[in-house]
>>> print(open('protein.pdb').read())   # PDB, C-alpha atoms
ATOM      1  CA  MET A  22       0.000   0.000   0.000  1.00  0.00           C
ATOM      2  CA  ALA A  23       1.347   3.418  -0.978  1.00  0.00           C
ATOM      3  CA  LEU A  24       1.866   6.057   1.708  1.00  0.00           C
ATOM      4  CA  LEU A  25      -0.159   8.546  -0.356  1.00  0.00           C
ATOM      5  CA  ASP A  26      -2.734   7.256  -2.817  1.00  0.00           C
ATOM      6  CA  ILE A  27      -4.660   9.705  -4.999  1.00  0.00           C
ATOM      7  CA  HIS A  28      -7.473   8.317  -7.126  1.00  0.00           C
ATOM      8  CA  THR A  29      -9.527  10.209  -9.725  1.00  0.00           C
ATOM      9  CA  LEU A  30      -8.939  13.544  -7.981  1.00  0.00           C
ATOM     10  CA  ASP A  31     -10.855  16.529  -9.331  1.00  0.00           C
ATOM     11  CA  ALA A  32     -10.223  20.022  -7.996  1.00  0.00           C
ATOM     12  CA  PHE A  33     -12.042  23.277  -8.596  1.00  0.00           C
ATOM     13  CA  TYR A  34     -11.737  26.988  -7.917  1.00  0.00           C
ATOM     14  CA  GLY A  35     -15.391  27.912  -8.053  1.00  0.00           C
ATOM     15  CA  ASP A  36     -16.585  26.900 -11.532  1.00  0.00           C
ATOM     16  CA  PHE A  37     -13.044  26.513 -12.865  1.00  0.00           C
ATOM     17  CA  GLN A  38     -11.726  22.950 -12.882  1.00  0.00           C
ATOM     18  CA  ALA A  39      -7.979  22.729 -12.221  1.00  0.00           C
ATOM     19  CA  LEU A  40      -7.455  18.946 -11.865  1.00  0.00           C
ATOM     20  CA  PHE A  41      -9.166  16.235 -13.883  1.00  0.00           C
ATOM     21  CA  GLY A  42      -9.385  12.670 -12.558  1.00  0.00           C
ATOM     22  CA  LEU A  43      -5.776  12.619 -11.367  1.00  0.00           C
ATOM     23  CA  ASP A  44      -4.259   9.324 -10.212  1.00  0.00           C
ATOM     24  CA  LEU A  45      -1.009   9.449  -8.243  1.00  0.00           C
ATOM     25  CA  ALA A  46       0.856   7.424  -5.619  1.00  0.00           C
ATOM     26  CA  VAL A  47       3.832   8.141  -3.366  1.00  0.00           C
ATOM     27  CA  GLU A  48       5.659   5.343  -1.576  1.00  0.00           C
ATOM     28  CA  ALA A  49       7.141   5.691   1.912  1.00  0.00           C
ATOM     29  CA  GLY A  50      10.613   7.227   1.733  1.00  0.00           C
ATOM     30  CA  GLU A  51      10.273   8.103  -1.954  1.00  0.00           C
ATOM     31  CA  THR A  52      11.020  11.439  -3.621  1.00  0.00           C
ATOM     32  CA  LEU A  53       8.477  12.276  -6.319  1.00  0.00           C
ATOM     33  CA  ALA A  54       8.942  15.336  -8.518  1.00  0.00           C
ATOM     34  CA  ILE A  55       5.904  17.045 -10.041  1.00  0.00           C
ATOM     35  CA  ILE A  56       6.866  19.107 -13.070  1.00  0.00           C
ATOM     36  CA  GLY A  57       4.880  21.199 -15.519  1.00  0.00           C
ATOM     37  CA  ALA A  58       4.414  24.711 -16.828  1.00  0.00           C
ATOM     38  CA  ASN A  59       2.629  27.528 -14.991  1.00  0.00           C
ATOM     39  CA  GLY A  60      -1.049  26.703 -14.635  1.00  0.00           C
ATOM     40  CA  ALA A  61      -0.527  22.946 -15.033  1.00  0.00           C
ATOM     41  CA  GLY A  62      -2.136  22.211 -11.655  1.00  0.00           C
ATOM     42  CA  LYS A  63       0.998  21.493  -9.608  1.00  0.00           C
ATOM     43  CA  SER A  64       0.286  23.819  -6.687  1.00  0.00           C
ATOM     44  CA  THR A  65      -3.409  22.928  -6.795  1.00  0.00           C
ATOM     45  CA  LEU A  66      -2.450  19.287  -6.252  1.00  0.00           C
ATOM     46  CA  LEU A  67      -0.495  20.163  -3.105  1.00  0.00           C
ATOM     47  CA  LYS A  68      -3.308  22.367  -1.854  1.00  0.00           C
ATOM     48  CA  ALA A  69      -5.817  19.549  -2.351  1.00  0.00           C
ATOM     49  CA  ILE A  70      -3.592  17.141  -0.416  1.00  0.00           C
ATOM     50  CA  THR A  71      -3.269  19.586   2.480  1.00  0.00           C
ATOM     51  CA  GLY A  72      -6.936  20.577   2.649  1.00  0.00           C
ATOM     52  CA  LEU A  73      -6.572  24.066   1.201  1.00  0.00           C
ATOM     53  CA  VAL A  74      -8.634  23.155  -1.873  1.00  0.00           C
ATOM     54  CA  PRO A  75     -11.798  21.001  -1.505  1.00  0.00           C
ATOM     55  CA  ALA A  76     -11.492  17.343  -2.507  1.00  0.00           C
ATOM     56  CA  ALA A  77     -13.661  14.259  -2.269  1.00  0.00           C
ATOM     57  CA  ARG A  78     -12.876  12.279   0.895  1.00  0.00           C
ATOM     58  CA  GLU A  79     -11.990   9.002  -0.864  1.00  0.00           C
ATOM     59  CA  ALA A  80      -9.941  10.723  -3.585  1.00  0.00           C
ATOM     60  CA  ILE A  81      -6.960  11.173  -1.232  1.00  0.00           C
ATOM     61  CA  CYS A  82      -5.794   8.417   1.106  1.00  0.00           C
ATOM     62  CA  PHE A  83      -2.801   8.692   3.418  1.00  0.00           C
ATOM     63  CA  ALA A  84      -1.421   5.707   5.325  1.00  0.00           C
ATOM     64  CA  GLY A  85      -4.624   3.858   4.519  1.00  0.00           C
ATOM     65  CA  GLN A  86      -6.998   6.571   5.735  1.00  0.00           C
ATOM     66  CA  ALA A  87      -9.224   8.734   3.549  1.00  0.00           C
ATOM     67  CA  ILE A  88      -8.279  12.372   4.189  1.00  0.00           C
ATOM     68  CA  GLY A  89      -9.708  14.262   1.209  1.00  0.00           C
ATOM     69  CA  GLY A  90     -11.476  17.434   2.306  1.00  0.00           C
ATOM     70  CA  LEU A  91     -10.349  17.275   5.945  1.00  0.00           C
ATOM     71  CA  PRO A  92      -9.317  20.577   7.580  1.00  0.00           C
ATOM     72  CA  ALA A  93      -5.671  21.488   7.044  1.00  0.00           C
ATOM     73  CA  ALA A  94      -4.831  21.175  10.755  1.00  0.00           C
ATOM     74  CA  ALA A  95      -6.213  17.634  10.852  1.00  0.00           C
ATOM     75  CA  ILE A  96      -4.220  16.651   7.774  1.00  0.00           C
ATOM     76  CA  MET A  97      -1.020  17.977   9.335  1.00  0.00           C
ATOM     77  CA  LYS A  98      -1.619  15.782  12.390  1.00  0.00           C
ATOM     78  CA  HIS A  99      -1.840  12.769  10.087  1.00  0.00           C
ATOM     79  CA  GLY A 100       1.795  13.441   9.166  1.00  0.00           C
ATOM     80  CA  ILE A 101       1.790  15.744   6.135  1.00  0.00           C
ATOM     81  CA  ALA A 102       3.590  19.102   6.108  1.00  0.00           C
ATOM     82  CA  MET A 103       3.997  21.636   3.310  1.00  0.00           C
ATOM     83  CA  VAL A 104       6.684  24.161   2.440  1.00  0.00           C
ATOM     84  CA  PRO A 105       4.551  26.758   0.611  1.00  0.00           C
ATOM     85  CA  GLU A 106       5.567  28.681  -2.468  1.00  0.00           C
ATOM     86  CA  GLY A 107       6.971  32.046  -1.389  1.00  0.00           C
ATOM     87  CA  ARG A 108       8.014  30.683   2.033  1.00  0.00           C
ATOM     88  CA  LYS A 109       5.369  32.677   3.949  1.00  0.00           C
ATOM     89  CA  LEU A 110       7.253  33.158   7.208  1.00  0.00           C
ATOM     90  CA  PHE A 111       5.475  35.062   9.947  1.00  0.00           C
ATOM     91  CA  PRO A 112       7.002  38.571   9.734  1.00  0.00           C
ATOM     92  CA  SER A 113       6.407  39.448  13.387  1.00  0.00           C
ATOM     93  CA  LEU A 114       8.252  36.351  14.666  1.00  0.00           C
ATOM     94  CA  THR A 115      11.925  35.497  14.992  1.00  0.00           C
ATOM     95  CA  VAL A 116      13.490  32.609  13.103  1.00  0.00           C
ATOM     96  CA  GLU A 117      13.210  30.394  16.169  1.00  0.00           C
ATOM     97  CA  GLU A 118       9.613  31.365  16.804  1.00  0.00           C
ATOM     98  CA  ASN A 119       8.749  30.530  13.202  1.00  0.00           C
ATOM     99  CA  LEU A 120      10.294  27.103  13.690  1.00  0.00           C
ATOM    100  CA  LEU A 121       8.442  26.521  16.949  1.00  0.00           C
ATOM    101  CA  ILE A 122       5.137  27.329  15.255  1.00  0.00           C
ATOM    102  CA  GLY A 123       5.852  24.405  12.935  1.00  0.00           C
ATOM    103  CA  GLY A 124       6.046  22.093  15.938  1.00  0.00           C
ATOM    104  CA  TRP A 125       2.471  22.794  16.959  1.00  0.00           C
ATOM    105  CA  GLY A 126       0.582  19.531  16.901  1.00  0.00           C
ATOM    106  CA  ARG A 127       3.819  17.669  16.092  1.00  0.00           C
ATOM    107  CA  ARG A 128       3.555  13.980  15.361  1.00  0.00           C
ATOM    108  CA  GLY A 129       5.187  11.874  18.086  1.00  0.00           C
ATOM    109  CA  SER A 130       8.748  12.331  19.282  1.00  0.00           C
ATOM    110  CA  GLY A 131      10.649  12.122  16.011  1.00  0.00           C
ATOM    111  CA  ARG A 132      14.054  13.474  15.184  1.00  0.00           C
ATOM    112  CA  TRP A 133      13.118  16.980  14.126  1.00  0.00           C
ATOM    113  CA  THR A 134      13.758  19.325  17.034  1.00  0.00           C
ATOM    114  CA  LEU A 135      15.224  22.818  17.034  1.00  0.00           C
ATOM    115  CA  ASP A 136      18.719  21.383  17.447  1.00  0.00           C
ATOM    116  CA  ALA A 137      18.188  18.988  14.532  1.00  0.00           C
ATOM    117  CA  VAL A 138      16.970  21.793  12.251  1.00  0.00           C
ATOM    118  CA  TYR A 139      19.923  23.962  13.273  1.00  0.00           C
ATOM    119  CA  GLY A 140      22.205  21.029  12.503  1.00  0.00           C
ATOM    120  CA  LEU A 141      20.664  20.743   9.039  1.00  0.00           C
ATOM    121  CA  PHE A 142      20.813  24.501   8.395  1.00  0.00           C
ATOM    122  CA  PRO A 143      23.495  26.008  10.705  1.00  0.00           C
ATOM    123  CA  VAL A 144      22.823  29.568   9.522  1.00  0.00           C
ATOM    124  CA  LEU A 145      19.374  29.406  11.137  1.00  0.00           C
ATOM    125  CA  GLY A 146      20.955  28.689  14.510  1.00  0.00           C
ATOM    126  CA  GLU A 147      23.285  31.638  14.064  1.00  0.00           C
ATOM    127  CA  ARG A 148      20.334  33.922  13.311  1.00  0.00           C
ATOM    128  CA  ARG A 149      17.688  32.356  15.502  1.00  0.00           C
ATOM    129  CA  ARG A 150      16.911  35.664  17.245  1.00  0.00           C
ATOM    130  CA  ASN A 151      16.576  37.638  14.020  1.00  0.00           C
ATOM    131  CA  PRO A 152      13.176  38.390  12.459  1.00  0.00           C
ATOM    132  CA  GLY A 153      12.393  35.772   9.846  1.00  0.00           C
ATOM    133  CA  THR A 154      12.007  38.417   7.166  1.00  0.00           C
ATOM    134  CA  ALA A 155      15.509  39.771   7.901  1.00  0.00           C
ATOM    135  CA  LEU A 156      17.006  36.657   6.326  1.00  0.00           C
ATOM    136  CA  SER A 157      18.062  36.341   2.712  1.00  0.00           C
ATOM    137  CA  GLY A 158      15.704  34.573   0.321  1.00  0.00           C
ATOM    138  CA  GLY A 159      17.659  31.330   0.562  1.00  0.00           C
ATOM    139  CA  GLN A 160      17.794  31.482   4.353  1.00  0.00           C
ATOM    140  CA  GLN A 161      14.055  32.133   4.482  1.00  0.00           C
ATOM    141  CA  GLN A 162      13.561  29.021   2.348  1.00  0.00           C
ATOM    142  CA  MET A 163      15.659  27.030   4.805  1.00  0.00           C
ATOM    143  CA  ALA A 164      13.522  28.366   7.649  1.00  0.00           C
ATOM    144  CA  ALA A 165      10.334  27.390   5.807  1.00  0.00           C
ATOM    145  CA  ILE A 166      11.665  23.857   5.312  1.00  0.00           C
ATOM    146  CA  GLY A 167      12.742  23.679   8.951  1.00  0.00           C
ATOM    147  CA  ARG A 168       9.331  24.879  10.103  1.00  0.00           C
ATOM    148  CA  ALA A 169       7.648  22.077   8.141  1.00  0.00           C
ATOM    149  CA  LEU A 170      10.076  19.470   9.487  1.00  0.00           C
ATOM    150  CA  MET A 171       9.321  20.488  13.072  1.00  0.00           C
ATOM    151  CA  SER A 172       6.011  18.606  12.836  1.00  0.00           C
ATOM    152  CA  ASN A 173       7.935  15.358  12.137  1.00  0.00           C
ATOM    153  CA  PRO A 174       6.072  14.646   8.893  1.00  0.00           C
ATOM    154  CA  ALA A 175       5.962  11.306   7.129  1.00  0.00           C
ATOM    155  CA  LEU A 176       5.369  13.257   3.900  1.00  0.00           C
ATOM    156  CA  LEU A 177       6.961  16.624   3.103  1.00  0.00           C
ATOM    157  CA  LEU A 178       5.423  18.658   0.266  1.00  0.00           C
ATOM    158  CA  CYS A 179       7.681  21.323  -1.250  1.00  0.00           C
ATOM    159  CA  ASP A 180       6.171  23.925  -3.579  1.00  0.00           C
ATOM    160  CA  GLU A 181       8.738  25.612  -5.851  1.00  0.00           C
ATOM    161  CA  ILE A 182      11.549  25.720  -3.279  1.00  0.00           C
ATOM    162  CA  SER A 183      14.095  26.873  -5.880  1.00  0.00           C
ATOM    163  CA  LEU A 184      11.959  29.726  -7.233  1.00  0.00           C
ATOM    164  CA  GLY A 185      13.834  33.029  -7.421  1.00  0.00           C
ATOM    165  CA  LEU A 186      16.998  31.718  -5.783  1.00  0.00           C
ATOM    166  CA  ALA A 187      20.574  31.776  -7.058  1.00  0.00           C
ATOM    167  CA  PRO A 188      22.008  28.446  -8.282  1.00  0.00           C
ATOM    168  CA  ILE A 189      24.497  28.206  -5.403  1.00  0.00           C
ATOM    169  CA  VAL A 190      21.670  28.676  -2.884  1.00  0.00           C
ATOM    170  CA  ILE A 191      19.512  26.072  -4.641  1.00  0.00           C
ATOM    171  CA  ARG A 192      22.427  23.648  -4.429  1.00  0.00           C
ATOM    172  CA  ASP A 193      22.725  24.165  -0.662  1.00  0.00           C
ATOM    173  CA  ILE A 194      18.989  23.662  -0.133  1.00  0.00           C
ATOM    174  CA  TYR A 195      18.837  20.501  -2.208  1.00  0.00           C
ATOM    175  CA  ALA A 196      21.921  19.186  -0.398  1.00  0.00           C
ATOM    176  CA  ALA A 197      19.702  18.860   2.695  1.00  0.00           C
ATOM    177  CA  LEU A 198      17.346  16.367   1.017  1.00  0.00           C
ATOM    178  CA  PRO A 199      19.426  13.233   1.745  1.00  0.00           C
ATOM    179  CA  ALA A 200      19.348  13.987   5.483  1.00  0.00           C
ATOM    180  CA  ILE A 201      15.572  14.472   5.328  1.00  0.00           C
ATOM    181  CA  ARG A 202      15.090  11.242   3.411  1.00  0.00           C
ATOM    182  CA  ALA A 203      17.384   9.380   5.800  1.00  0.00           C
ATOM    183  CA  GLU A 204      14.669   9.725   8.425  1.00  0.00           C
ATOM    184  CA  GLY A 205      12.263   7.825   6.154  1.00  0.00           C
ATOM    185  CA  THR A 206      10.374  10.949   5.102  1.00  0.00           C
ATOM    186  CA  ALA A 207       8.766  10.854   1.674  1.00  0.00           C
ATOM    187  CA  VAL A 208       9.131  14.066  -0.343  1.00  0.00           C
ATOM    188  CA  VAL A 209       6.976  15.531  -3.108  1.00  0.00           C
ATOM    189  CA  LEU A 210       8.743  18.321  -5.000  1.00  0.00           C
ATOM    190  CA  VAL A 211       6.831  20.692  -7.239  1.00  0.00           C
ATOM    191  CA  GLU A 212       9.452  22.132  -9.585  1.00  0.00           C
ATOM    192  CA  GLN A 213       9.671  24.102 -12.810  1.00  0.00           C
ATOM    193  CA  ASP A 214      13.424  23.407 -12.881  1.00  0.00           C
ATOM    194  CA  ILE A 215      13.295  20.114 -14.788  1.00  0.00           C
ATOM    195  CA  VAL A 216      17.036  19.450 -14.527  1.00  0.00           C
ATOM    196  CA  GLN A 217      16.944  19.836 -10.755  1.00  0.00           C
ATOM    197  CA  ALA A 218      13.857  17.665 -10.447  1.00  0.00           C
ATOM    198  CA  LEU A 219      15.358  14.853 -12.524  1.00  0.00           C
ATOM    199  CA  ALA A 220      18.576  14.967 -10.490  1.00  0.00           C
ATOM    200  CA  VAL A 221      16.963  14.288  -7.110  1.00  0.00           C
ATOM    201  CA  ALA A 222      13.746  12.368  -7.776  1.00  0.00           C
ATOM    202  CA  ASP A 223      13.060   8.634  -7.728  1.00  0.00           C
ATOM    203  CA  ARG A 224      10.085   9.247 -10.029  1.00  0.00           C
ATOM    204  CA  VAL A 225       8.739  12.168 -12.025  1.00  0.00           C
ATOM    205  CA  VAL A 226       5.155  13.034 -12.950  1.00  0.00           C
ATOM    206  CA  CYS A 227       4.427  15.761 -15.505  1.00  0.00           C
ATOM    207  CA  LEU A 228       1.145  17.675 -15.339  1.00  0.00           C
ATOM    208  CA  GLN A 229      -0.347  19.566 -18.242  1.00  0.00           C
ATOM    209  CA  GLU A 230      -3.667  21.398 -17.877  1.00  0.00           C
ATOM    210  CA  GLY A 231      -4.624  19.425 -14.793  1.00  0.00           C
ATOM    211  CA  ARG A 232      -3.858  15.967 -16.158  1.00  0.00           C
ATOM    212  CA  ALA A 233      -0.873  13.652 -15.803  1.00  0.00           C
ATOM    213  CA  THR A 234       0.836  13.410 -19.190  1.00  0.00           C
ATOM    214  CA  LEU A 235       3.977  11.486 -18.224  1.00  0.00           C
ATOM    215  CA  GLU A 236       5.220   9.349 -15.344  1.00  0.00           C
ATOM    216  CA  GLY A 237       8.430   7.401 -14.896  1.00  0.00           C
ATOM    217  CA  ARG A 238      11.890   7.151 -13.430  1.00  0.00           C
ATOM    218  CA  PRO A 239      14.303   9.873 -14.581  1.00  0.00           C
ATOM    219  CA  ALA A 240      16.694   7.367 -16.151  1.00  0.00           C
ATOM    220  CA  ASP A 241      13.886   5.997 -18.318  1.00  0.00           C
ATOM    221  CA  LEU A 242      12.586   9.335 -19.643  1.00  0.00           C
ATOM    222  CA  THR A 243      13.962  10.934 -22.802  1.00  0.00           C
ATOM    223  CA  ARG A 244      14.154  14.666 -23.353  1.00  0.00           C
ATOM    224  CA  ALA A 245      11.734  14.314 -26.235  1.00  0.00           C
ATOM    225  CA  ALA A 246       9.166  12.535 -24.061  1.00  0.00           C
ATOM    226  CA  ILE A 247       9.478  15.136 -21.300  1.00  0.00           C
ATOM    227  CA  GLN A 248       9.142  18.013 -23.772  1.00  0.00           C
ATOM    228  CA  ALA A 249       6.058  16.454 -25.350  1.00  0.00           C
ATOM    229  CA  ALA A 250       4.438  15.909 -21.943  1.00  0.00           C
ATOM    230  CA  TYR A 251       5.402  19.384 -20.687  1.00  0.00           C
ATOM    231  CA  PHE A 252       4.115  21.351 -23.673  1.00  0.00           C
ATOM    232  CA  GLY A 253       1.438  18.967 -24.888  1.00  0.00           C
ATOM    233  CA  GLN A 254       2.988  18.524 -28.311  1.00  0.00           C
ATOM    234  CA  PRO A 255       5.629  16.311 -29.927  1.00  0.00           C
ATOM    235  CA  GLY A 256       9.127  17.225 -28.807  1.00  0.00           C
ATOM    236  CA  VAL A 257      12.521  16.943 -30.418  1.00  0.00           C
ATOM    237  CA  ALA A 258      15.399  15.591 -28.380  1.00  0.00           C
ATOM    238  CA  ALA A 259      18.040  18.202 -27.693  1.00  0.00           C
TER     239      ALA A 259
END
>>> encode(input="protein.pdb", output="C-alpha cells")
Amino acid sequence: MALLDIHTLDAFYGDFQALFGLDLAVEAGETLAIIGANGAGKSTLLKAITGLVPAAREAICFAGQAIGGLPAAAIMKHGIAMVPEGRKLFPSLTVEENLLIGGWGRRGSGRWTLDAVYGLFPVLGERRRNPGTALSGGQQQMAAIGRALMSNPALLLCDEISLGLAPIVIRDIYAALPAIRAEGTAVVLVEQDIVQALAVADRVVCLQEGRATLEGRPADLTRAAIQAAYFGQPGVAA
C-alpha cells in the first residue's frame, strides 16, 4: 500500500476545474517530482492534499486513511507538512519562533527538534533571534523547510523551493534532502526546474492542464518525451 494514494482527484476553484481525474501514488521514503508549466495544476495538487482546496474524501488516502477534504490542521496531524511557495514566514516572529510554530501539533517524538533543524541549516541557529524576514531569500527558504520538518512529517510537500533563488543557494537547499530522506520521510517536490527535479527524484510526474501526461523514473525518460508531456505537443530531443 502506498503512503499517499490519490485516485480520480478533481479540484475546482469555483466553476473553474484545475485537476481532472488525477491518479497518483507516493511510496514511503520516496522522492516524487511534479513538473509542468505555470497553470498545469501542480500547486493545486499540493493544496488539495493539504486541505486548502476542496477534494472528495476518498480521492486522497494517506497511510490507509481517507483524508480528502479534511481541515488542514487535521491533515497535518496525520503526518503531512507543506513548504509553501513564497516561504510565507510570519514577519512578526523570529526565526526560532517561526520554527516553533511548525512544531504545533507535532507527530510523536521524532528526530526533528530545534537542534536537529539547526544542525541541518546552521545559519538558522546563528540567526535564531533575528526576524524571519531579515534573512536572505535562501535562508528564508531554509527556515520554511525547517518549520515544516518540526512537525515530524511522514510526507513533506515542497512547492517551488528553488523559485527566485541563485544556483548556489539552490544547491545548498537541495543538499539537505538526503538527510531528510534518511529519516524515512517521503518528499513531493513541485518544480519548474526540470534538470533539478530529474537529479533528485526517484520518479517524475508531468502535469499539463490538470492531467498527468507522463510518469516514470528519470533514467527511463527521454528529453523528447518530457518536452512532449510538458508542452502537450511532440518534442525533439536536444
>>> closest_residue(input="protein.pdb", among="A:Ala197, A:Met97, A:Leu25, A:Leu120", to="Ala165 of chain A", atoms="all atoms listed in the file")
A:Leu120
>>> residues_around(input="protein.pdb", residues="Phe33 of chain A", least_positions_apart="2", cutoff="12 Å", atoms="only C-alpha atoms", output="JSON list (two decimals) with C-alpha atoms, keeping the file's coordinate frame")
[["chain", "number", "residue", "atom", "x", "y", "z"],
["A", 30, "LEU", "CA", -8.94, 13.54, -7.98],
["A", 31, "ASP", "CA", -10.86, 16.53, -9.33],
["A", 35, "GLY", "CA", -15.39, 27.91, -8.05],
["A", 36, "ASP", "CA", -16.58, 26.90, -11.53],
["A", 37, "PHE", "CA", -13.04, 26.51, -12.86],
["A", 38, "GLN", "CA", -11.73, 22.95, -12.88],
["A", 39, "ALA", "CA", -7.98, 22.73, -12.22],
["A", 40, "LEU", "CA", -7.46, 18.95, -11.86],
["A", 41, "PHE", "CA", -9.17, 16.24, -13.88],
["A", 42, "GLY", "CA", -9.38, 12.67, -12.56],
["A", 62, "GLY", "CA", -2.14, 22.21, -11.66],
["A", 65, "THR", "CA", -3.41, 22.93, -6.80],
["A", 66, "LEU", "CA", -2.45, 19.29, -6.25],
["A", 68, "LYS", "CA", -3.31, 22.37, -1.85],
["A", 69, "ALA", "CA", -5.82, 19.55, -2.35],
["A", 73, "LEU", "CA", -6.57, 24.07, 1.20],
["A", 74, "VAL", "CA", -8.63, 23.16, -1.87],
["A", 75, "PRO", "CA", -11.80, 21.00, -1.50],
["A", 76, "ALA", "CA", -11.49, 17.34, -2.51],
["A", 77, "ALA", "CA", -13.66, 14.26, -2.27],
["A", 231, "GLY", "CA", -4.62, 19.42, -14.79]]
>>> residues_around(input="protein.pdb", residues="segment 56-58 of chain A", least_positions_apart="4", cutoff="12 Å", atoms="all atoms listed in the file", output="PyMOL selection string")
chain A and resi 62-64+66+180-181+209-219+222+224-237+239+247-253
>>> resolve_selection(input="protein.pdb", expression="the PyMOL selection byres ((chain A and resi 149-160) around 9)", output="VMD selection string")
chain A and resid 108 110 to 119 139 142 144 to 148 161 to 165 183 185 to 187 190 to 191 193 to 194
>>> write_last_selection(input="protein.pdb", atoms="C-alpha atoms", output="short mmCIF file (atom, residue, chain, number, x, y, z; two decimals), keeping the file's coordinate frame")
data_model
loop_
_atom_site.label_atom_id
_atom_site.label_comp_id
_atom_site.auth_asym_id
_atom_site.auth_seq_id
_atom_site.Cartn_x
_atom_site.Cartn_y
_atom_site.Cartn_z
CA ARG A 108 8.01 30.68 2.03
CA LEU A 110 7.25 33.16 7.21
CA PHE A 111 5.48 35.06 9.95
CA PRO A 112 7.00 38.57 9.73
CA SER A 113 6.41 39.45 13.39
CA LEU A 114 8.25 36.35 14.67
CA THR A 115 11.92 35.50 14.99
CA VAL A 116 13.49 32.61 13.10
CA GLU A 117 13.21 30.39 16.17
CA GLU A 118 9.61 31.36 16.80
CA ASN A 119 8.75 30.53 13.20
CA TYR A 139 19.92 23.96 13.27
CA PHE A 142 20.81 24.50 8.40
CA VAL A 144 22.82 29.57 9.52
CA LEU A 145 19.37 29.41 11.14
CA GLY A 146 20.96 28.69 14.51
CA GLU A 147 23.28 31.64 14.06
CA ARG A 148 20.33 33.92 13.31
CA GLN A 161 14.06 32.13 4.48
CA GLN A 162 13.56 29.02 2.35
CA MET A 163 15.66 27.03 4.80
CA ALA A 164 13.52 28.37 7.65
CA ALA A 165 10.33 27.39 5.81
CA SER A 183 14.10 26.87 -5.88
CA GLY A 185 13.83 33.03 -7.42
CA LEU A 186 17.00 31.72 -5.78
CA ALA A 187 20.57 31.78 -7.06
CA VAL A 190 21.67 28.68 -2.88
CA ILE A 191 19.51 26.07 -4.64
CA ASP A 193 22.72 24.16 -0.66
CA ILE A 194 18.99 23.66 -0.13
#
>>> closest_residue(input="protein.pdb", among="A:Gly205, A:Pro188, A:Gly72, A:Pro174", to="Gly90 of chain A", atoms="only C-alpha atoms")
A:Gly72
>>> closest_residue(input="protein.pdb", among="A:Val138, A:Leu177, A:Ala61, A:Ala220", to="Tyr195 of chain A", atoms="only C-alpha atoms")
A:Ala220
>>> closest_residue(input="protein.pdb", among="A:Gly100, A:Pro105, A:Gly89, A:Pro143", to="Gly131 of chain A", atoms="all atoms listed in the file")
A:Gly100
>>> closest_residue(input="protein.pdb", among="A:Cys82, A:Glu51, A:Met22, A:Ala246", to="Ala207 of chain A", atoms="only C-alpha atoms")
A:Glu51
>>> closest_residue(input="protein.pdb", among="A:Leu176, A:Ala87, A:Leu242, A:Leu141", to="Ala196 of chain A", atoms="only C-alpha atoms")
A:Leu141
>>> residues_around(input="protein.pdb", residues="Leu121 of chain A", least_positions_apart="4", cutoff="9 Å", atoms="all atoms listed in the file", output="ChimeraX atom specification")
/A:116-117,125,134-135,168,171
>>> residues_around(input="protein.pdb", residues="Thr206 of chain A", least_positions_apart="4", cutoff="12 Å", atoms="all atoms listed in the file", output="JSON, numbers by chain")
{"A": [24, 47, 48, 49, 50, 51, 52, 53, 100, 101, 102, 131, 132, 133, 169, 170, 172, 173, 174, 175, 176, 177, 178, 198, 199, 200, 201, 202]}
>>> resolve_selection(input="protein.pdb", expression="the PyMOL selection byres ((chain A and resi 27) around 7)", output="VMD selection string")
chain A and resid 25 to 26 28 to 30 44 to 46 80 to 82
>>> atom_distance(input="protein.pdb", atom1="atom CA of Val221 of chain A", atom2="atom CA of Lys109 of chain A")
24.4 Å
>>> axis_aligned_box(input="protein.pdb", around="segment 63-69 of chain A", padding_each_side="3 Å", output="lines of an AutoDock Vina configuration file")
center_x = -2.4
center_y = 21.6
center_z = -5.7
size_x = 12.8
size_y = 10.5
size_z = 13.8
>>> atom_distance(input="protein.pdb", atom1="atom CA of Ile182 of chain A", atom2="atom CA of Ile166 of chain A")
8.8 Å
>>> decode(input="protein.pdb", residues="segment 171-200 of chain A", atoms="C-alpha atoms", output="short mmCIF file (atom, residue, chain, number, x, y, z; two decimals), in the first residue's frame")
data_model
loop_
_atom_site.label_atom_id
_atom_site.label_comp_id
_atom_site.auth_asym_id
_atom_site.auth_seq_id
_atom_site.Cartn_x
_atom_site.Cartn_y
_atom_site.Cartn_z
CA MET A 171 9.32 20.49 13.07
CA SER A 172 6.01 18.61 12.84
CA ASN A 173 7.94 15.36 12.14
CA PRO A 174 6.07 14.65 8.89
CA ALA A 175 5.96 11.31 7.13
CA LEU A 176 5.37 13.26 3.90
CA LEU A 177 6.96 16.62 3.10
CA LEU A 178 5.42 18.66 0.27
CA CYS A 179 7.68 21.32 -1.25
CA ASP A 180 6.17 23.92 -3.58
CA GLU A 181 8.74 25.61 -5.85
CA ILE A 182 11.55 25.72 -3.28
CA SER A 183 14.10 26.87 -5.88
CA LEU A 184 11.96 29.73 -7.23
CA GLY A 185 13.83 33.03 -7.42
CA LEU A 186 17.00 31.72 -5.78
CA ALA A 187 20.57 31.78 -7.06
CA PRO A 188 22.01 28.45 -8.28
CA ILE A 189 24.50 28.21 -5.40
CA VAL A 190 21.67 28.68 -2.88
CA ILE A 191 19.51 26.07 -4.64
CA ARG A 192 22.43 23.65 -4.43
CA ASP A 193 22.72 24.17 -0.66
CA ILE A 194 18.99 23.66 -0.13
CA TYR A 195 18.84 20.50 -2.21
CA ALA A 196 21.92 19.19 -0.40
CA ALA A 197 19.70 18.86 2.69
CA LEU A 198 17.35 16.37 1.02
CA PRO A 199 19.43 13.23 1.75
CA ALA A 200 19.35 13.99 5.48
#
